[in-house]
Every structure is written in C-alpha cells, then in structure tokens.
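**Q** Sharing upload02.cif below, mmCIF, C-alpha atoms:
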data_coords
loop_
_atom_site.label_atom_id
_atom_site.label_comp_id
_atom_site.auth_asym_id
_atom_site.auth_seq_id
_atom_site.Cartn_x
_atom_site.Cartn_y
_atom_site.Cartn_z
CA MET M 26 4.84 0.48 -25.08
CA PRO M 27 7.62 1.24 -22.58
CA LYS M 28 10.92 -0.51 -23.20
CA ARG M 29 11.34 -3.41 -20.79
CA SER M 30 14.60 -4.32 -19.09
CA LYS M 31 16.40 -7.59 -19.80
CA ARG M 32 15.59 -8.68 -16.25
CA TYR M 33 11.86 -8.07 -16.81
CA LEU M 34 11.86 -9.91 -20.14
CA GLU M 35 13.71 -12.83 -18.58
CA ALA M 36 11.19 -13.01 -15.73
CA ARG M 37 8.28 -12.94 -18.16
CA LYS M 38 9.46 -16.25 -19.67
CA PHE M 39 8.45 -17.96 -16.42
CA VAL M 40 4.85 -16.72 -16.55
CA ASP M 41 1.88 -17.97 -18.57
CA ARG M 42 -0.12 -14.75 -18.87
CA ASN M 43 -3.32 -16.65 -19.79
CA ARG M 44 -3.30 -18.65 -16.58
CA GLU M 45 -4.37 -17.97 -13.00
CA TYR M 46 -1.92 -19.49 -10.54
CA LEU M 47 -2.44 -20.90 -7.09
CA LEU M 48 -0.79 -18.65 -4.51
CA ASP M 49 1.94 -21.17 -3.64
CA GLU M 50 2.84 -21.55 -7.32
CA ALA M 51 2.90 -17.80 -7.87
CA LEU M 52 5.22 -17.15 -4.94
CA GLU M 53 7.58 -19.90 -6.04
CA LEU M 54 7.73 -18.25 -9.48
CA LEU M 55 8.51 -14.87 -7.92
CA LYS M 56 11.45 -16.43 -6.12
CA LYS M 57 12.77 -17.71 -9.47
CA PHE M 58 12.71 -14.31 -11.14
CA PRO M 59 16.13 -12.70 -11.76
CA SER M 60 16.98 -10.56 -8.76
CA ALA M 61 17.56 -6.83 -8.76
CA LYS M 62 20.42 -5.21 -6.85
CA PHE M 63 18.08 -4.44 -3.95
CA ASP M 64 15.48 -6.34 -1.94
CA GLU M 65 12.41 -5.76 -4.07
CA SER M 66 8.99 -5.23 -2.55
CA VAL M 67 6.29 -7.78 -3.27
CA GLU M 68 3.12 -6.02 -4.37
CA LEU M 69 -0.51 -7.00 -4.65
CA HIS M 70 -2.56 -5.46 -7.49
CA ILE M 71 -6.33 -5.81 -7.29
CA LYS M 72 -8.94 -4.95 -9.91
CA THR M 73 -12.22 -4.16 -8.18
CA GLY M 74 -15.78 -4.00 -9.45
CA ILE M 75 -16.51 -0.52 -8.06
CA GLU M 76 -17.43 2.50 -10.15
CA PRO M 77 -14.60 4.83 -9.10
CA SER M 78 -16.32 7.95 -10.41
CA LYS M 79 -19.02 7.59 -7.73
CA SER M 80 -18.22 9.04 -4.33
CA ASP M 81 -20.19 6.36 -2.47
CA GLN M 82 -18.07 3.58 -3.99
CA GLN M 83 -14.64 4.73 -2.91
CA VAL M 84 -12.42 2.22 -1.12
CA ARG M 85 -10.24 3.76 1.56
CA GLY M 86 -9.00 2.46 4.86
CA THR M 87 -6.11 0.59 6.45
CA ILE M 88 -5.13 -3.02 6.93
CA SER M 89 -2.50 -4.59 9.17
CA LEU M 90 -0.14 -7.20 7.79
CA PRO M 91 0.75 -9.91 10.33
CA ASN M 92 4.42 -9.88 9.28
CA GLY M 93 4.80 -6.24 8.26
CA THR M 94 5.98 -4.95 4.88
CA GLY M 95 9.71 -5.22 5.52
CA LYS M 96 10.01 -1.53 4.76
CA ASP M 97 11.39 1.13 7.07
CA VAL M 98 8.34 3.40 7.04
CA LYS M 99 9.04 7.11 7.48
CA VAL M 100 6.22 8.62 9.55
CA LEU M 101 5.53 12.35 9.80
CA VAL M 102 3.20 13.75 12.45
CA PHE M 103 1.60 17.18 12.41
CA ALA M 104 0.98 17.97 16.07
CA ARG M 105 1.68 20.44 18.86
CA GLY M 106 2.43 20.24 22.56
CA GLU M 107 1.74 17.02 24.39
CA LYS M 108 0.66 15.17 21.24
CA ALA M 109 3.91 16.11 19.53
CA GLU M 110 5.85 14.62 22.44
CA GLU M 111 3.76 11.44 22.25
CA ALA M 112 4.57 11.14 18.55
CA LYS M 113 8.31 11.55 19.17
CA ASN M 114 8.28 8.97 21.96
CA ALA M 115 6.38 6.53 19.71
CA GLY M 116 9.13 6.69 17.08
CA ALA M 117 7.84 9.21 14.52
CA ASP M 118 10.57 10.32 12.13
CA TYR M 119 9.35 13.91 11.77
CA VAL M 120 7.17 15.85 14.22
CA GLY M 121 6.12 19.47 14.05
CA SER M 122 3.48 21.97 13.05
CA ASP M 123 4.10 25.26 11.24
CA ASP M 124 7.70 24.32 10.41
CA LEU M 125 6.70 21.07 8.73
CA ILE M 126 3.81 22.72 6.91
CA GLN M 127 6.23 25.23 5.40
CA GLN M 128 8.62 22.44 4.38
CA VAL M 129 5.86 20.53 2.61
CA GLN M 130 4.63 23.71 0.93
CA GLY M 131 8.13 24.02 -0.45
CA GLY M 132 7.79 20.60 -2.09
CA TRP M 133 9.37 18.31 0.50
CA THR M 134 7.63 14.92 0.71
CA ASP M 135 10.36 12.56 1.90
CA PHE M 136 8.04 10.46 4.10
CA ASP M 137 5.67 7.52 3.61
CA VAL M 138 2.81 8.35 6.00
CA ALA M 139 1.47 11.65 7.31
CA ILE M 140 -0.53 11.64 10.56
CA ALA M 141 -2.26 14.67 12.04
CA THR M 142 -4.22 15.56 15.15
CA PRO M 143 -7.72 16.90 14.37
CA ASP M 144 -6.84 20.45 15.51
CA MET M 145 -4.14 20.64 12.81
CA MET M 146 -6.39 19.83 9.87
CA ARG M 147 -7.55 23.40 9.18
CA GLU M 148 -3.94 24.45 8.62
CA ILE M 149 -2.98 21.28 6.77
CA GLY M 150 -5.82 21.78 4.29
CA ARG M 151 -3.62 24.07 2.24
CA LEU M 152 -1.30 21.12 1.57
CA GLY M 153 -3.97 19.16 -0.30
CA ARG M 154 -2.55 19.91 -3.74
CA ILE M 155 0.83 18.54 -2.72
CA LEU M 156 -0.13 15.63 -0.47
CA GLY M 157 -3.35 14.56 -2.20
CA PRO M 158 -1.90 13.34 -5.51
CA ARG M 159 0.78 11.41 -3.60
CA GLY M 160 -1.75 9.67 -1.34
CA LEU M 161 -0.23 11.35 1.72
CA MET M 162 -3.07 13.60 2.86
CA PRO M 163 -4.18 12.70 6.41
CA SER M 164 -7.72 11.35 6.57
CA PRO M 165 -9.98 10.00 9.34
CA LYS M 166 -10.94 7.08 7.05
CA SER M 167 -7.35 5.91 6.85
CA GLY M 168 -6.70 6.36 10.56
CA THR M 169 -4.22 9.17 9.93
CA VAL M 170 -6.29 11.89 11.59
CA THR M 171 -6.43 10.91 15.24
CA THR M 172 -5.87 12.02 18.80
CA ASP M 173 -4.17 8.71 19.55
CA VAL M 174 -0.98 9.55 17.68
CA GLU M 175 1.07 7.08 19.72
CA GLU M 176 -0.99 4.10 18.56
CA ALA M 177 -1.10 5.36 14.96
CA VAL M 178 2.66 5.86 14.74
CA LYS M 179 3.41 2.43 16.21
CA ALA M 180 0.87 0.74 13.93
CA PHE M 181 2.22 2.24 10.71
CA LYS M 182 5.77 1.51 11.79
CA ALA M 183 4.78 -2.11 12.46
CA GLY M 184 3.16 -2.71 9.08
CA ARG M 185 -0.22 -1.00 8.82
CA VAL M 186 -0.91 -0.27 5.15
CA GLU M 187 -3.21 2.40 3.76
CA ILE M 188 -5.64 1.22 1.07
CA LYS M 189 -7.07 3.63 -1.51
CA ASN M 190 -8.43 2.94 -4.98
CA ASP M 191 -6.93 4.75 -7.94
CA LYS M 192 -8.90 6.50 -10.71
CA THR M 193 -9.59 3.19 -12.44
CA GLY M 194 -10.85 1.48 -9.30
CA ASN M 195 -7.73 -0.60 -8.75
CA LEU M 196 -5.85 -1.16 -5.50
CA HIS M 197 -2.08 -1.43 -5.17
CA LEU M 198 -0.30 -2.32 -1.94
CA PRO M 199 2.98 -3.77 -0.62
CA VAL M 200 2.73 -7.12 1.12
CA GLY M 201 6.37 -7.81 1.98
CA LYS M 202 9.83 -8.22 0.48
CA LYS M 203 11.19 -10.77 -1.99
CA SER M 204 13.58 -11.95 0.72
CA PHE M 205 10.65 -12.99 2.96
CA GLU M 206 10.09 -16.71 3.43
CA LEU M 207 7.29 -18.11 1.26
CA ASN M 208 5.03 -18.88 4.23
CA VAL M 209 5.48 -15.32 5.53
CA LEU M 210 4.49 -13.79 2.19
CA LYS M 211 1.57 -16.18 1.89
CA GLU M 212 0.26 -15.24 5.33
CA ASN M 213 0.49 -11.52 4.51
CA ILE M 214 -1.29 -11.91 1.17
CA ILE M 215 -4.14 -14.02 2.52
CA SER M 216 -4.61 -11.63 5.44
CA ALA M 217 -4.60 -8.63 3.10
CA LEU M 218 -7.22 -10.14 0.78
CA GLU M 219 -9.44 -11.16 3.68
CA GLN M 220 -9.33 -7.65 5.14
CA ILE M 221 -9.86 -5.94 1.78
CA SER M 222 -12.82 -8.18 0.91
CA LYS M 223 -14.61 -6.71 3.94
CA MET M 224 -14.08 -3.16 2.65
CA LYS M 225 -16.62 -3.45 -0.18
CA PRO M 226 -18.70 -0.24 -0.31
CA SER M 227 -22.38 -0.87 0.39
CA ALA M 228 -23.29 0.95 -2.84
CA ALA M 229 -21.11 -1.31 -5.00
CA LYS M 230 -22.92 -4.07 -6.89
CA GLY M 231 -21.69 -7.40 -8.18
CA ARG M 232 -18.25 -8.83 -7.52
CA PHE M 233 -15.94 -6.66 -5.48
CA ILE M 234 -12.58 -8.35 -6.05
CA VAL M 235 -12.49 -9.12 -9.78
CA LYS M 236 -8.83 -9.91 -10.51
CA VAL M 237 -5.69 -10.21 -8.39
CA ALA M 238 -2.05 -10.25 -9.42
CA VAL M 239 1.19 -10.43 -7.45
CA ALA M 240 4.50 -8.97 -8.59
CA THR M 241 7.81 -7.66 -7.37
CA THR M 242 8.90 -4.07 -7.87
CA MET M 243 10.69 -4.89 -11.14
CA SER M 244 8.78 -7.93 -12.40
CA PRO M 245 5.71 -8.76 -14.49
CA GLY M 246 2.54 -9.62 -12.63
CA ILE M 247 1.33 -13.16 -11.95
CA LYS M 248 -2.44 -13.63 -11.97
CA LEU M 249 -3.80 -15.38 -8.89
CA ASP M 250 -6.72 -17.75 -8.56
CA HIS M 251 -8.03 -15.60 -5.75
CA ASN M 252 -11.39 -17.38 -5.47
CA LYS M 253 -9.59 -20.13 -3.54
CA LEU M 254 -8.12 -17.61 -1.12
CA VAL M 255 -11.15 -15.60 0.01
CA ASP M 256 -14.90 -16.13 -0.03
#
Would you mind giving the structure from this file in structure tokens?

**A**
Amino acid sequence: MPKRSKRYLEARKFVDRNREYLLDEALELLKKFPSAKFDESVELHIKTGIEPSKSDQQVRGTISLPNGTGKDVKVLVFARGEKAEEAKNAGADYVGSDDLIQQVQGGWTDFDVAIATPDMMREIGRLGRILGPRGLMPSPKSGTVTTDVEEAVKAFKAGRVEIKNDKTGNLHLPVGKKSFELNVLKENIISALEQISKMKPSAAKGRFIVKVAVATTMSPGIKLDHNKLVD
C-alpha cells in the first residue's frame, strides 16, 4: 500500500467508505477536506460494466461541461497552411507540422490536447507510441481529427473533455476545481453523467454505469448514489 499523506488521512476521517452519498452531501464533504497549496481539480471516477478487452465495447468520445473544468488547457494542433492559421487565430497554444512532430518524437508532451487535420494523420502515426499511452493521440472518435480546427480548439479551450476507458473499463475525468461553487460543480457532474450514460456501446450488456465516486486531486474518493442522478 502506498504511504498516504497526513492531509489524505485527515480527509478520510470525514468519509464513510461503506456508504453512497447524495451528490450535495458529497460535495459539501469535499469542501471540508484539508486544502492543498493549489486549487485542486475535482475528478469523477466511474466503474463501467463493459468488457474492456473487447474492441466493440470501448468507450471513447467527448463531453462538454457547462461550466468548464477551470483548467487552462494547452492545445496543440498539427496542421499546415490555412488550417494552421485558423488554429492560431482560435487560440491554439502550439501549431505546426514537421517541427512539432520532431519535438514530440524527442519526448516533448507539454500539452493537454492534440488536434490534427486528416491530411496530417499519416505522418502523425509514427507518434503513436509516445502519444497513445498518454491519451494524447488524435482520433476522429474524440473529435481531435477534424477539418474544423477552429471549432475544435475553441471547444477544448472552453471545457470539452475527452472520455476514454482505461484497461479495467473505468473512466476518469475532471469536472471542475475545488474552488468552484457547489452549484457549479453539481451542474458539471450531472451533465457529465447524463452525457456519459448515452455513450454505452451497443455491444455492452447489463448496467453501464456501475459505480461512481468523486474526489479531489489529493483526496480519497466519495461514493455517489448515482442512481438518483441519471436514469
């Protein structure tokens, strides 16, 4: 077992790990947790009923949070010519083609989202081993391979979040900051769960959303009674 910090252990005293909390109760508990020296992210952790080893049961896509994540998202765009100019004008942090590919090949991944125009994908394919494990590889399913780079850049800057299950079939996503007002966090979480519930693969059987927990970056998770949040 990893050694837990004093802050984590103190926060755990507030939580009954055998109980599922109503969302309002859970968020009030999060606010009571000892604070870190930075504005922690609030994260949603979802156990799904998919079989992650099956290719037809993968969950991947994007959702939009009504109040954003509170994070300054660094967006990189692989594009040339007119599309590169569109990306720059839309507020992309890094825009380029061969130069950026070489940087990433060298191990540089100081960005949160990578967007690419379709004509760049043949060249970007070689970056799969670097970007793939970090969840940064552009994909049509996540809306990060597109000709409308302007819309994509603005959407991710405004709070669009990419959803992708891990090897155990779980989903992890930011839904705001601890400094957000309770009603703002609540709205983001309910919206996220409603959107994710519609992403159930057609091949998946039984319950899709099995368990849900909310936590801050440095805190224990709080189990949610999610059945009262989404159908």

**Q** So that I can see what lies close to Lys62 (chain M), please list as JSON, numbers by chain the residues with an atom at most 12 Å from it, counting all atoms listed in the file and leaving out residues fewer than 4 positions away in the same chain.

**A** {"M": [32, 203, 242, 243]}

**Q** With the file shown as input, list the residues that the PyMOL selection byres ((chain M and resi 159-175) around 9) selects, as a ChimeraX atom specification.

**A** /M:85-87,102,104,108-109,111-117,134,136-143,146,149-150,152-153,155-158,176-180,187-189

**Q** Hey, which of M:Leu101, M:Lys225, M:Ala217, M:Glu110 ends up closest to Ile126 (chain M)? Count all atoms listed in the file.

**A**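 Closest candidate: M:Leu101.
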
**Q** Choose the residue, out of M:Ser66, M:Met145, M:Leu48, M:Lys31, that has the smallest atom-to-atom separation from Leu249 (chain M); count all atoms listed in the file.

**A**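 Of M:Ser66, M:Met145, M:Leu48, M:Lys31, the one nearest Leu249 (chain M) is M:Leu48, counting all atoms listed in the file.
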
**Q** Enumerate, as a list in words, the residues matched when the PyMOL selection byres ((chain M and resi 234-237) around 8) is run on the file above.

**A**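 After applying the PyMOL selection byres ((chain M and resi 234-237) around 8), what remains is Leu69, His70, Ile71, Lys72, Thr73, Gly74, Ser222, Arg232, Phe233, Ala238, Val239, Lys248, Leu249, Asp250 and His251 of chain M.
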
**Q** Return the single residue from M:Ser244, M:Asn195, M:Asn252, M:Asn208 that is closest to Ile75 (chain M), with distances computed using only C-alpha atoms.

**A**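 Going through M:Ser244, M:Asn195, M:Asn252, M:Asn208 one by one, the smallest distance to Ile75 (chain M) is for M:Asn195.
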
**Q** Interatomic distance between CA of Pro245 (chain M) and CA of His197 (chain M)?

**A**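 Separating CA of Pro245 (chain M) from CA of His197 (chain M) is a distance of 14.2 Å.
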
**Q** Hey, which of M:Ile215, M:Leu254, M:Val40, M:Ala229 ends up closest to Ser78 (chain M)? Count only C-alpha atoms.

**A**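 That would be M:Ala229, the residue with the smallest distance to Ser78 (chain M).
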